[in-house]
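**Student:** Supplied in C-alpha cells, the structure appears directly below.
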Amino acid sequence: MIMVKTEKNKKSKITFKPGQVTKQLLGALPERSRDIIERRYGLVGSPRSGGVGKDNEPMTLEAIGQIYNITRERVRQIENFAIATIRKSDQYAAAKIAFDELEDLMMNYGGVVREDILLADISNDLTTQNQVNFMLNIGESFVRLREDDDFRHRWTNDMETTEKVHGALTNLHGDLDSKDLIGEAEMLERFAEQLKSDIKDYLEHSKMKNWLGLSKRLASNPLGEWGLADSPGVRTRGVRDYAYLVLRQHGQPLHFSDVAKKIKDIFGRDAHVATTHNELIKDSRFVLVGRGLYALSEWGYANGVVRDIIKNVLKKSGPLNREDLVKEVLKQRQVKENTIYVNLQNSKHFHKDSKGKYALT
C-alpha cells in the first residue's frame, strides 16, 4: 500500500481559498438543500442536530435521511438537484477561475490522479480537503471514477488519456509474476514502453509515477522496488518477507543475527534473532550456506548438506579434479575446504577415476 505523506507547512498547490469558493457556491441553494449538501460533504458550517456526525465528517444518505425523516433515495434526489442548481447559478460562473485552476492542477498530474493523493497534496487539513472534494463534484469538467478490483478512487478531466493509462497498467501488471521485483527506473521504462504507442505527451517520470499509483495490482515495497501488490516481496507481512528484502539489498549471504539487526535498522521492525533463524529455516526462498549464513535460492544456491552440493556439481559438470571441484562447491557453501575433502572420502558416494578426477560412485 502506498502511504501518502504530507508536510504540515507545505506550500499549497492552489491559490484560491476553497472555503470561500464553497461558501459562495452554497449561496445558490435554499436552506434545507444547503444543509444537506454541507452534511453530505463534511463542510464546516452545518448546524449538527442531535449530536449526529462531526462538522468535517461526511454523512451517509441514510444518516441524513434519519435527521429529516425522509428516505435515502429522497436525500440523493435533493443532492443531485442541488448540484444541478449550483451549476446553473451565477455563483458557479463567478467561480470559473477556481475551477480552471483545478483543471490546470489535474493536468499537471497527467489528466488523472488518485483521489487521496490529490487532496493530500492540496492540503493536510481535512476540512479543506472536503471543500476541494465538493468543488470537484460540482465542476462539470471532472469525473470521479470509483475504486474497483484494479484501480483506486481517482479523478480525471481527460477520459481518453485515462483509458489509455488503464490499458497500459493492465498490460504492465500482466507481464509480471509474483517473484518479480523491479527498480523504479526500470519500472518506469517498462511503463513508458506500454504507453508510447498511445500517448505521445505526458511521459515525464513524475506523471508516470502518479499513474502507477492508480493501480491496486502494482505497488512498491519499502526499498522502492515495484512488483505485484500481493506478492511477498511487496506486501511484507512478517519477518520472512523483511529478511528477503534485506538479503536482496545486501546482495550476498548474511548470518541470521545480522539479518535480524538489518530488519530493525532498515525497516524499524523488531526481529528477535531466534525467531529470524526459525523463519529462515522454514522458507524455501532461503538457503543455509554456512554456519548460520543464509543466501537466497534465487541466486543459484541449492538446498542440502555439503555432500549433496558435491553431488549436484558432479552431476552437472562430470568428473572434476580436486581443485576445480572445491572451487565449485565453495560457490554454493561457505565452509572450510577440509569439510569438502572429508566428504569426498565417502566411497559410497564418490571415487577417483583413472585420471585422478572425482566422480559419482
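We name chains A, B, ... following the order of the C-alpha cells; residues begin at 1 in each chain, and ligands are numbered from 1 as shown.
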What's around Arg87 of chain A at 9 Å? Count only C-alpha atoms, leave out sequence neighbours fewer than 5 positions away in its own chain, and write the answer as a list in words.

**Tutor:** Leu25, Ala82, Tyr92, Ala93, Ile138, Gly139 and Glu140 of chain A

**Student:** Check the DSSP output for the backbone and give back, as an MDAnalysis selection string, the residues of segment 110-251 of chain A in strand (DSSP E or B).

**Tutor:** chainID A and resid 112:114 143:145 151 154:156 182 215 218:220 226:228

**Student:** Taking only residues of segment 90-164 of chain A that have an atom at most 12 Å from an atom of segment 26-36 of chain A, what is each one's shortest atom pair and its distance in Å to one decimal, using only C-alpha atoms, in chain and number order, as a Markdown table?

**Tutor:**
| residue | atom | partner | partner_atom | distance |
| --- | --- | --- | --- | --- |
| A:Asp90 | CA | A:Ala28 | CA | 8.0 |
| A:Gln91 | CA | A:Ala28 | CA | 6.6 |
| A:Tyr92 | CA | A:Ala28 | CA | 8.5 |
| A:Ala93 | CA | A:Ala28 | CA | 11.3 |
| A:Ala94 | CA | A:Ala28 | CA | 11.6 |
| A:Ala95 | CA | A:Leu26 | CA | 11.6 |
| A:Gln131 | CA | A:Leu26 | CA | 11.1 |
| A:Phe134 | CA | A:Leu26 | CA | 10.4 |
| A:Met135 | CA | A:Leu26 | CA | 10.6 |
| A:Ile138 | CA | A:Leu26 | CA | 10.7 |

**Student:** May I ask which of the residues A:Ala219, A:Met187, A:Leu288, A:Val239 is the closest one to Gly268 of chain A, counting only C-alpha atoms?

**Tutor:**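 Answer, going by the shortest atom-to-atom distance: A:Val239.
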
**Student:** Per residue of segment 132-230 of chain A within 7 Å of segment 96-113 of chain A, record the nearest atom pair and its distance in Å to one decimal, counting only C-alpha atoms, with rows in chain order and ascending residue number, as CSV.

**Tutor:**
residue,atom,partner,partner_atom,distance
A:Gly139,CA,A:Phe99,CA,6.7
A:Arg154,CA,A:Val113,CA,5.5
A:Trp155,CA,A:Val113,CA,5.6
A:Thr156,CA,A:Val112,CA,4.2
A:Asn157,CA,A:Gly111,CA,5.7
A:Asp158,CA,A:Gly111,CA,5.2
A:Thr161,CA,A:Gly111,CA,6.9
A:Thr162,CA,A:Val112,CA,6.1
A:Tyr202,CA,A:Gly110,CA,6.0
A:Lys207,CA,A:Tyr109,CA,5.4
A:Asn210,CA,A:Val113,CA,6.6
A:Trp211,CA,A:Val113,CA,6.9

**Student:** Using only C-alpha atoms, pick whichever of A:Ile199, A:Ile310, A:Ile14, A:Leu169 has the shortest atom-to-atom distance to Asp324 of chain A.

**Tutor:**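 Using only C-alpha atoms, Asp324 of chain A sits closest to A:Ile310.
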
**Student:** Which residue gives the smallest distance to Glu337 of chain A among A:Lys164, A:His351, A:Arg322, A:Arg240, with only C-alpha atoms counted?

**Tutor:**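 The shortest atom-to-atom distance to Glu337 of chain A comes from A:Arg322.
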
**Student:** Find the residues near Tyr358 of chain A: any atom within 9 Å, counting only C-alpha atoms, skip ones fewer than 2 places away on the same chain, and give them as a VMD selection string.

**Tutor:** chain A and resid 314 318 to 322 325 344 350 to 353 355 to 356 360

**Student:** List the neighbours of Phe256 of chain A out to 8 Å using only C-alpha atoms; skip same-chain residues closer than 5 positions along the sequence, and give me the result as a list in words.

**Tutor:**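 Non-adjacent residues within range: Val273, Thr276, His277, Leu280, Gly292, Leu293 and Tyr294 of chain A.
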
**Student:** If we count only C-alpha atoms, what is near Asp149 of chain A at a cut-off of 10 Å, once residues fewer than 5 positions away on the same chain are taken out, given as a list in words?

**Tutor:** Ser215, Lys216 and Arg217 of chain A

**Student:** Near Phe286 of chain A, counting only C-alpha atoms, which residues have an atom at most 10 Å away, once you skip same-chain residues fewer than 3 positions from it, shown as a ChimeraX atom specification?

**Tutor:** /A:240,243-244,247,253,279-283,289,293-299,301-303

**Student:** Taking the chain letters and numbering used in this document, name the residues of segment 94-271 of chain A that DSSP puts in helix (DSSP H, G or I), as number ranges by chain.

**Tutor:** A: 94, 96-108, 115-122, 126-138, 159-174, 184-195, 205-212, 239-250, 256-267

**Student:** Which residues are close to Ala168 of chain A, i.e. within 10 Å by only C-alpha atoms, leaving aside same-chain residues fewer than 5 positions away? Reply as a PyMOL selection string.

**Tutor:** chain A and resi 162-163+173-174+190-198+211-212

**Student:** Include C-alpha atoms and write out the residues we just selected as a short mmCIF file (atom, residue, chain, number, x, y, z; two decimals), in the first residue's frame.

**Tutor:**
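Written output follows (again.cif):
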data_model
loop_
_atom_site.label_atom_id
_atom_site.label_comp_id
_atom_site.auth_asym_id
_atom_site.auth_seq_id
_atom_site.Cartn_x
_atom_site.Cartn_y
_atom_site.Cartn_z
CA THR A 162 -7.33 7.81 -18.57
CA GLU A 163 -8.50 4.84 -20.64
CA HIS A 173 0.53 -5.99 -14.43
CA GLY A 174 0.00 -8.92 -16.78
CA ARG A 190 8.54 -0.63 -18.97
CA PHE A 191 5.56 1.61 -18.34
CA ALA A 192 6.76 4.07 -20.97
CA GLU A 193 7.01 1.21 -23.48
CA GLN A 194 3.37 0.35 -22.79
CA LEU A 195 2.30 3.99 -23.13
CA LYS A 196 4.29 5.32 -26.03
CA SER A 197 2.16 3.80 -28.81
CA ASP A 198 -0.97 5.54 -27.47
CA TRP A 211 -0.23 6.92 -12.89
CA LEU A 212 1.48 3.88 -11.36
#

**Student:** Taking only C-alpha atoms into account, which of A:Val132, A:Leu228, A:Leu188, A:Leu145 comes nearest Lys17 of chain A?

**Tutor:**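 Selected residue with least distance to Lys17 of chain A: A:Val132.
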
**Student:** Using only C-alpha atoms, what does the table of segment 16-113 of chain A residues within 9 Å of segment 119-130 of chain A look like, with each row giving the shortest atom pair and its distance in Å to one decimal, sorted by chain and ascending number, as a tab-separated table?

**Tutor:**
residue	atom	partner	partner_atom	distance
A:Lys17	CA	A:Thr128	CA	8.7
A:Pro18	CA	A:Thr128	CA	6.5
A:Gly19	CA	A:Thr128	CA	6.9
A:Tyr41	CA	A:Asn130	CA	6.2
A:Gly42	CA	A:Asn130	CA	6.1
A:Leu43	CA	A:Asn130	CA	6.4
A:Val44	CA	A:Thr127	CA	6.9
A:Asp55	CA	A:Thr127	CA	8.3
A:Asn56	CA	A:Thr127	CA	5.4
A:Glu57	CA	A:Thr127	CA	8.5
A:Pro58	CA	A:Asn130	CA	8.1
